[in-house]
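Single-structure report; data block below.
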Amino acid sequence: MQNLNVNSERYTLNMGPQHPSTHGVLRIVADFDGETCVSADPQIGYLHRGMEKLLESRTYVQGMPYTDRLDYLAGVNNNLPYALAVEKLLGVEIPERASLLRMLSCEIMRLASYMVGIGIYIMDLGAVSAVFYPYQQREYALEVMSALCGARMTQGYIRFGGVQADWNEQCDAALQKLLDEFPPFLEMYHKLVDENEIFLHRTKGVGVVTAEQAKAYGLTGANLRASGVSYDLRRDAPYCLYDRFKFKVPVQQAGDCHARYVQRMEECEVIYQLIKDIYAALKETEGGEIMGKVPKVLRVPAGEAYAQTENPKGIMGCMVASDGKTNPLRVHFRRPSFDNIAIYSELMPGHKMADLVTIIASFDIVLGEIDA
Amino acid sequence: MEFVNNIFVNIADLCRALFVWLLNLLGLPVGLAEVAMVAVYWLGIVIVCVFCALFYVIWERKLAGYIQRRPGPNRLGPNGWFHTVGDAIKLVMKEDIVPDGADKNVHLLAALLAFVPPMLALAAMPFGEGMTALDLELGVVYIMAVTTLASLPVLCAGYASNNKFAMMGAMRVVNQAISYEVPQALCILSVIMVAGTFNLNQIIDWQTGNIWLVCLQPVAFVVYLITALAECNRAPFDLPEGESELTAGVFTEYSGMRYALFYLAEYCNMFVAAGLATTLFLGGFTGPFLPGWVWFLLKTFVIMSFFIWVRWSFPRIRADHVLTFCWKVLVPLMLANVLVTGVVVYLLA
Amino acid sequence: MALKTNVRFPQRGGMPEGDPNNSHDLLTQEELEKRGILLTSLDKLFRWGTGWSLWPLQFGLACCAIEMICTTQSRFDMSRFGYEVFRNSPRQADVMIVAGTITEKMRPAVELLYHQMPEPKWVIAMGSCAISGGPFVDSYSVVAGADKVVPVDVYVPGCPPRPEALIDGMLQLKAKLLHPERQQVVRDVK
């Protein structure tokens, strides 16, 4: 109901780059008419570190730790496409145990990343306490990674030909702790957040993305599946040994912020089951090799290869072009969050100021990935 | 127990006797003793304000810690109770920044006047038997009028800061404060209709004689707590201070001691709201065994803890939902409550 | 309303030498403290108070920001020392924890935020990127270290530093506040 006799002024509000919600250094220049957004312009580049150019002046192995810093919430997941692309060029075969370890570590860090995504989402809505419980689960997951390869966050665990270190009893104990603690947490969190009136009012009907829009903008990952498109790279174009495992791919139809929350919560259960299955398979390959036959000085044959994996934020791809030297000629990453936020300038107008934060948080972006 | 119950009343009488003796000595009219007592009462209220603010700052952080499964501040003092001392010392020594285009006088005045409404309200609050500094016949109306003023310094702060975020916050404060006055007034009206008087001490007497009003007016109690949260700008109604939306909202441009004044005034406002809830619904300072003022402090402690619990549990409400909730849900509900109460009182009288 | 004290580091000469043949009737401050009498200057009181109440500015740039958040969570809990009050507005913050890489595009924002913070203020450089540019030091768009932009007080190494390391960094800053005469803070300080 607009009163056309009221003379209101548009004003420009600048959110960021120092942003209370810690998705990173994103800047949104938005025009408002009262409380309603009229236009929004996301501005990125505040974390552009020149990663792709830097990789050209490092050897392949030296470049591996840089990939961790892309989606820094889930380090190993970014190592994987880079490793797969180079291994395509090398033509090396990965031992089964190494593949299983890769998958297990990726799924554990995927769980950790989802914990941050969900926790920060609820925190941005105002319920600060609700971020502490997912982070506790993240700590259990990080303990597993710490026991496995020594690093909590940016691990650099996946190497060309296999993985860095083998599974040990400490990891067994830590993983058992995670598997025990996670289901009661999930149940508790459902009870805490799902039926909350304020939460439902804030998120239902906000930031609706239709399936066509999602496909047109190249959304991937949980954002795509929350808009009704059932596409998961692990099932539809499997890499590593994902074709061995059967898992559910949940899909929501609504496409709004609430659907994205429900999608991530349901996917947490899928990941939990997948971790158990991969762990059981890992137990059967006791004593296997963790590294394939890869030369010490890596000179990758000339050519071009592209590998993509399903990351927590979406589909990450890595293109490696080599001209036979020890340094890559060109490395390019297809980063999921970069494509995910392209939709903001179309999605945000028409929403209230508080909804902008809800929309940003529900897409679960990470700036290291957007800016590379 | 009688002695402890009346300890503050006795101290006040002692002061009055001292003033009377002094005035007789100096040959001045004895009526001036009452004027001097005003200063004593005011000092008492200031001490209560300051101590409650200091206590509740640290209690909030500790309770937040317990809700979030962590210890909270626990290093300075026994189990961490003196952390506020460190905060206060630090805030005193911070540089005072006033932004370039800001209205300097209003910027300062808003900070200074933030403490005035809660102090005025506490003047009429019955802390214990005979411990009401200002026992007015229209006590409830006076407190309602004064708590409305509490949002005015916040509005001035936002307006004077020359900052878009602060301005947005200020507009939201006005929205909330004006809207939630209406259900609050209707809650208090329901209580008054049952108790039959505006005087706070007489309401407490009525409750001692019959039953606590929370049992007779549960709906009004719940709605009163909700509107109290809205009036004090506490979550889930803390849009004026925005946080995850817009930095620090209204107080973006406030640093050091000026910010400390707003920070502490918020706790004093909450204390006033809790005190009024105690008086109107929970029987005020009455209770077995312990002295009256201890009961008052305990009951306000429970209600303040409830406020803190809600703050750390619920998400924030969007600005337009705040208004729809008030006008489309609370006001009709309270009007129905007033109607039912009126009918019942008429039938039973 | 602010009281002007000069809190700059490092400052005046060393601590007064204890004179073993103290033949004066006056007692030094340390001897008084041994007898249970506390004398202090306002400066010392303020520095003590500030040490217990360092409010960080919410300023996460990159990966180190996630470890900074983990430091405030239940497992590591920075709030035990009173430091969990992260302020969003620079006007109310004391410490700027530069957590992550500073790029050329972000540099003016960092400087502006630093200037917007009221005195006295400190800066903690967390992580390799903030200390010296880290793995991105030879990139075309990265500033090689936070101390090229703002004066840094404490450096916390790591990539990213563990949450315990960040807490240690904050405590080192507190120790620096309490002992301004020392050039380099020694490890075992209460």
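Each chain in the structure tokens gets a letter, A, B and so on, in the order shown; residues start at 1 in every chain, and ligands are counted from 1 in the order they appear.
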
Residues of chain C within 6 Å of chain B: nearest atom pair and distance (Å, one decimal) for each, counting only C-alpha atoms, sorted by chain and number, as a Markdown table?
| residue | atom | partner | partner_atom | distance |
| --- | --- | --- | --- | --- |
| C:Ala2 | CA | B:Met93 | CA | 5.4 |
| C:Leu3 | CA | B:Met93 | CA | 5.5 |
| C:Gly49 | CA | B:Gly86 | CA | 4.1 |
| C:Thr50 | CA | B:Lys90 | CA | 4.7 |
| C:Trp52 | CA | B:Gly86 | CA | 5.4 |
| C:Ser53 | CA | B:Asp87 | CA | 5.2 |
| C:Ser74 | CA | B:Arg70 | CA | 4.9 |
| C:Ser79 | CA | B:Pro73 | CA | 5.3 |
| C:Arg80 | CA | B:Pro73 | CA | 4.0 |
| C:Phe81 | CA | B:Pro73 | CA | 5.7 |
| C:Gly82 | CA | B:Pro73 | CA | 5.2 |
| C:Asn88 | CA | B:Thr247 | CA | 4.8 |
| C:Ser89 | CA | B:Thr247 | CA | 5.4 |
| C:Arg91 | CA | B:Ser255 | CA | 5.0 |
| C:Gln92 | CA | B:Ser255 | CA | 5.0 |
| C:Pro118 | CA | B:Glu95 | CA | 5.2 |
| C:Glu119 | CA | B:Glu95 | CA | 5.2 |

Grab the residues selected above and save them as a tab-separated table (two decimals), in the first residue's frame with N, CA, C and O atoms.
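The resulting result_12.tsv:
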chain	number	residue	atom	x	y	z
C	2	ALA	N	37.31	12.68	28.94
C	2	ALA	CA	38.45	11.76	28.88
C	2	ALA	C	39.61	12.39	29.65
C	2	ALA	O	39.83	13.59	29.62
C	3	LEU	N	40.32	11.55	30.37
C	3	LEU	CA	41.48	12.03	31.10
C	3	LEU	C	42.69	11.78	30.24
C	3	LEU	O	42.88	10.69	29.70
C	49	GLY	N	43.59	-1.48	34.38
C	49	GLY	CA	42.18	-1.65	34.03
C	49	GLY	C	42.00	-2.01	32.57
C	49	GLY	O	41.21	-2.88	32.22
C	50	THR	N	42.76	-1.32	31.71
C	50	THR	CA	42.63	-1.59	30.28
C	50	THR	C	43.05	-3.01	29.96
C	50	THR	O	42.47	-3.66	29.10
C	52	TRP	N	42.51	-5.59	31.48
C	52	TRP	CA	41.43	-6.55	31.71
C	52	TRP	C	40.24	-6.32	30.81
C	52	TRP	O	39.24	-7.02	30.92
C	53	SER	N	40.31	-5.34	29.94
C	53	SER	CA	39.12	-5.00	29.18
C	53	SER	C	39.49	-4.53	27.79
C	53	SER	O	39.16	-3.43	27.40
C	74	SER	N	33.06	-21.92	22.45
C	74	SER	CA	33.08	-22.58	23.76
C	74	SER	C	34.38	-23.29	24.09
C	74	SER	O	34.72	-23.40	25.25
C	79	SER	N	36.56	-15.19	26.35
C	79	SER	CA	35.82	-14.30	27.24
C	79	SER	C	36.25	-14.49	28.68
C	79	SER	O	35.91	-13.67	29.53
C	80	ARG	N	36.98	-15.58	28.97
C	80	ARG	CA	37.44	-15.77	30.34
C	80	ARG	C	38.28	-14.59	30.80
C	80	ARG	O	38.31	-14.27	31.98
C	81	PHE	N	38.98	-13.98	29.87
C	81	PHE	CA	39.83	-12.84	30.23
C	81	PHE	C	39.10	-11.53	30.07
C	81	PHE	O	39.67	-10.48	30.31
C	82	GLY	N	37.88	-11.57	29.61
C	82	GLY	CA	37.11	-10.36	29.44
C	82	GLY	C	37.18	-9.77	28.05
C	82	GLY	O	36.80	-8.63	27.83
C	88	ASN	N	31.35	-3.81	16.83
C	88	ASN	CA	31.28	-3.62	15.39
C	88	ASN	C	31.76	-2.24	14.96
C	88	ASN	O	32.25	-2.05	13.87
C	89	SER	N	31.56	-1.27	15.84
C	89	SER	CA	31.93	0.07	15.45
C	89	SER	C	33.33	0.38	15.94
C	89	SER	O	33.64	0.14	17.09
C	91	ARG	N	34.58	2.98	16.85
C	91	ARG	CA	34.62	3.98	17.91
C	91	ARG	C	34.65	3.35	19.29
C	91	ARG	O	34.97	4.02	20.26
C	92	GLN	N	34.22	2.11	19.39
C	92	GLN	CA	34.12	1.52	20.73
C	92	GLN	C	35.15	0.43	20.96
C	92	GLN	O	35.11	-0.24	21.98
C	118	PRO	N	39.37	5.32	18.87
C	118	PRO	CA	39.88	6.33	19.79
C	118	PRO	C	41.14	5.84	20.50
C	118	PRO	O	41.33	4.64	20.69
C	119	GLU	N	41.97	6.81	20.88
C	119	GLU	CA	43.15	6.48	21.68
C	119	GLU	C	42.71	5.99	23.04
C	119	GLU	O	41.70	6.47	23.53

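Residues of region 89-160 of chain C that DSSP, applied to the backbone, places in alpha helix (DSSP H): C:Arg107, C:Pro108, C:Ala109, C:Val110, C:Glu111, C:Leu112, C:Leu113, C:Tyr114, C:His115, C:Gln116, C:Ser128, C:Cys129, C:Ala130, C:Ile131, C:Ser132.
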
Would you mind telling me which residue in C:Ala93, C:Cys159, C:Met106, C:Ala125 lies nearest to Leu173 (chain C) when using only C-alpha atoms?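 Using only C-alpha atoms, the shortest distance to Leu173 (chain C) belongs to C:Ala125.
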
Contacts of Leu112 (chain B) within 9 Å, only C-alpha atoms, excl. fewer than 5 positions in-chain, as a PyMOL selection string: chain B and resi 153+258+261-262

Save out the residues we just selected, N, CA, C and O atoms, as an mmCIF file, in the first residue's frame.
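That gives us selection39.cif:
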data_model
loop_
_atom_site.group_PDB
_atom_site.id
_atom_site.type_symbol
_atom_site.label_atom_id
_atom_site.label_comp_id
_atom_site.auth_asym_id
_atom_site.auth_seq_id
_atom_site.Cartn_x
_atom_site.Cartn_y
_atom_site.Cartn_z
ATOM 1 N N PRO B 153 16.649 10.217 24.647
ATOM 2 C CA PRO B 153 18.092 10.387 24.457
ATOM 3 C C PRO B 153 18.645 9.515 23.342
ATOM 4 O O PRO B 153 19.575 9.919 22.637
ATOM 5 N N ARG B 258 31.041 8.287 26.946
ATOM 6 C CA ARG B 258 29.679 8.554 26.454
ATOM 7 C C ARG B 258 28.992 7.245 26.135
ATOM 8 O O ARG B 258 27.810 7.044 26.427
ATOM 9 N N LEU B 261 27.905 5.494 29.297
ATOM 10 C CA LEU B 261 26.662 5.982 29.894
ATOM 11 C C LEU B 261 25.445 5.327 29.242
ATOM 12 O O LEU B 261 24.518 4.898 29.933
ATOM 13 N N PHE B 262 25.452 5.197 27.930
ATOM 14 C CA PHE B 262 24.327 4.533 27.277
ATOM 15 C C PHE B 262 24.254 3.070 27.660
ATOM 16 O O PHE B 262 23.188 2.523 27.920
#

Fewer than 5 positions away in the same chain doesn't count, so skip those; otherwise give me all residues within 12 Å of Ile102 (chain C), counting only C-alpha atoms, as a PyMOL selection string. (chain A and resi 25+45-49) or (chain C and resi 59-64+107-111+125-134+136-137+139-150)

Report as CSV the residues of chain B within 12 Å of chain A, each with its shortest atom pair and distance in Å (one decimal), using only C-alpha atoms, ordered by chain and increasing residue number.
residue,atom,partner,partner_atom,distance
B:Leu63,CA,A:Ser129,CA,11.2
B:Ala64,CA,A:Ser129,CA,7.8
B:Gly65,CA,A:Ser129,CA,9.0
B:Tyr66,CA,A:Ser129,CA,10.1
B:Ile67,CA,A:Ser129,CA,7.1
B:Gln68,CA,A:Ser129,CA,5.6
B:Arg69,CA,A:Phe132,CA,7.8
B:Arg70,CA,A:Phe132,CA,9.2
B:Asn163,CA,A:Leu13,CA,10.3
B:Lys164,CA,A:Leu13,CA,7.3
B:Phe165,CA,A:Leu13,CA,8.1
B:Ala166,CA,A:Leu13,CA,11.7
B:Met167,CA,A:Gly34,CA,11.4
B:Met168,CA,A:Glu35,CA,8.7
B:Gly169,CA,A:Glu35,CA,11.2
B:Met171,CA,A:Gly34,CA,10.0
B:Arg172,CA,A:Glu35,CA,10.0
B:Arg234,CA,A:Gly126,CA,11.3
B:Ala235,CA,A:Gly126,CA,7.9
B:Pro236,CA,A:Gly126,CA,7.6
B:Phe237,CA,A:Gly126,CA,9.9
B:Asp238,CA,A:Gly126,CA,9.0
B:Leu239,CA,A:Ala354,CA,9.1
B:Pro240,CA,A:Ala354,CA,11.8
B:Glu241,CA,A:Gly126,CA,11.2
B:Gly242,CA,A:Ala354,CA,8.9
B:Glu243,CA,A:Pro20,CA,6.8
B:Ser244,CA,A:Pro20,CA,5.2
B:Glu245,CA,A:Ala354,CA,6.3
B:Leu246,CA,A:Met15,CA,7.2
B:Thr247,CA,A:Pro20,CA,6.0
B:Ala248,CA,A:Pro20,CA,9.0
B:Gly249,CA,A:Pro20,CA,11.3
B:Ile308,CA,A:Ser129,CA,11.7
B:Trp309,CA,A:Ser129,CA,10.0
B:Val310,CA,A:Ala127,CA,9.5
B:Arg311,CA,A:Ala127,CA,7.9
B:Trp312,CA,A:Ser129,CA,5.7
B:Ser313,CA,A:Ala127,CA,5.5
B:Phe314,CA,A:Ala127,CA,4.9
B:Pro315,CA,A:Gly126,CA,4.1
B:Arg316,CA,A:Gly126,CA,4.7
B:Ile317,CA,A:Ile198,CA,6.2
B:Arg318,CA,A:Ala354,CA,6.1
B:Ala319,CA,A:Ala354,CA,7.7
B:Asp320,CA,A:Lys352,CA,8.6
B:His321,CA,A:His201,CA,8.1
B:Val322,CA,A:Ile198,CA,10.3
B:Thr324,CA,A:His201,CA,11.7
B:Phe325,CA,A:Ile198,CA,10.7

Give me, please, the distance in Å between CA of Pro301 (chain A) and CA of Asp323 (chain A), quoted to one decimal.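 Value for the CA of Pro301 (chain A)-CA of Asp323 (chain A) distance: 6.8 Å.
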
Go through C:Phe46, C:Trp122, C:Tyr114, C:Tyr155 and flag the residue nearest chain A, using only C-alpha atoms for the distances. C:Tyr114

Would you kindly return, as a PyMOL selection string, each protein, DNA or RNA residue with an atom no farther than 10 Å from any atom of Arg225 (chain A), considering only C-alpha atoms and excluding same-chain residues fewer than 2 positions away? chain A and resi 211+214+219-223+227-232+249-253+255+259-260+263-264

Just want the 6 Å neighbourhood of region 83-87 of chain C, counted on only C-alpha atoms, with same-chain residues fewer than 4 positions away dropped. Output as a VMD selection string. chain C and resid 54 to 58 78 to 79 93

Any chance you can output those residues with N, CA, C and O atoms as a PDB file, in the first residue's frame?
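Result went into result-v9.pdb, see below:
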ATOM      1  N   LEU C  54      40.200  -5.379  27.052  1.00  0.00           N
ATOM      2  CA  LEU C  54      40.593  -5.002  25.703  1.00  0.00           C
ATOM      3  C   LEU C  54      39.504  -5.432  24.743  1.00  0.00           C
ATOM      4  O   LEU C  54      39.347  -6.615  24.483  1.00  0.00           O
ATOM      5  N   TRP C  55      38.755  -4.493  24.204  1.00  0.00           N
ATOM      6  CA  TRP C  55      37.655  -4.871  23.321  1.00  0.00           C
ATOM      7  C   TRP C  55      38.139  -4.895  21.887  1.00  0.00           C
ATOM      8  O   TRP C  55      38.555  -3.861  21.353  1.00  0.00           O
ATOM      9  N   PRO C  56      38.108  -6.066  21.242  1.00  0.00           N
ATOM     10  CA  PRO C  56      38.612  -6.128  19.875  1.00  0.00           C
ATOM     11  C   PRO C  56      37.611  -5.573  18.876  1.00  0.00           C
ATOM     12  O   PRO C  56      36.404  -5.566  19.113  1.00  0.00           O
ATOM     13  N   LEU C  57      38.148  -5.116  17.757  1.00  0.00           N
ATOM     14  CA  LEU C  57      37.299  -4.672  16.662  1.00  0.00           C
ATOM     15  C   LEU C  57      37.037  -5.875  15.774  1.00  0.00           C
ATOM     16  O   LEU C  57      37.937  -6.650  15.468  1.00  0.00           O
ATOM     17  N   GLN C  58      35.781  -6.012  15.385  1.00  0.00           N
ATOM     18  CA  GLN C  58      35.427  -7.152  14.554  1.00  0.00           C
ATOM     19  C   GLN C  58      35.953  -6.908  13.158  1.00  0.00           C
ATOM     20  O   GLN C  58      35.339  -6.201  12.367  1.00  0.00           O
ATOM     21  N   MET C  78      37.749 -16.909  24.693  1.00  0.00           N
ATOM     22  CA  MET C  78      38.536 -15.746  25.036  1.00  0.00           C
ATOM     23  C   MET C  78      37.837 -14.900  26.094  1.00  0.00           C
ATOM     24  O   MET C  78      38.443 -13.986  26.655  1.00  0.00           O
ATOM     25  N   SER C  79      36.556 -15.190  26.346  1.00  0.00           N
ATOM     26  CA  SER C  79      35.825 -14.305  27.241  1.00  0.00           C
ATOM     27  C   SER C  79      36.250 -14.495  28.684  1.00  0.00           C
ATOM     28  O   SER C  79      35.913 -13.671  29.535  1.00  0.00           O
ATOM     29  N   ALA C  93      36.095   0.274  20.045  1.00  0.00           N
ATOM     30  CA  ALA C  93      37.042  -0.833  20.141  1.00  0.00           C
ATOM     31  C   ALA C  93      38.397  -0.329  20.618  1.00  0.00           C
ATOM     32  O   ALA C  93      38.741   0.842  20.438  1.00  0.00           O
TER      33      ALA C  93
END

Extract, using only C-alpha atoms, all DNA, RNA and protein residues at most 8 Å from Asn327 (chain A), discarding same-chain residues fewer than 2 positions from it, and format them as a list of chain:residue names.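 Those residues are A:Leu55, A:Glu56, A:Ser57, A:Arg58, A:Thr59, A:Tyr60, A:Arg299, A:Ser322, A:Lys325, A:Leu329.
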
At what distance in Å, to one decimal, does CA of Cys149 (chain A) lie from CA of Gly162 (chain A)?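 Between these atoms lies a distance of 13.3 Å.
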
Option closest in space to chain A, from C:Asp138, C:Asp168, C:Asp43, C:Asp94 [counting only C-alpha atoms]: C:Asp138

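Among A:Lys88, A:Lys248, A:His190, A:His23, the residue with the shortest atom-to-atom distance to Ala307 (chain A), counting only C-alpha atoms, is A:Lys88.
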
Residue with smallest distance to chain A - pool C:Asp153, C:Glu181, C:Glu164, C:Glu104, counting only C-alpha atoms: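 Closest to chain A, using only C-alpha atoms: C:Glu104.
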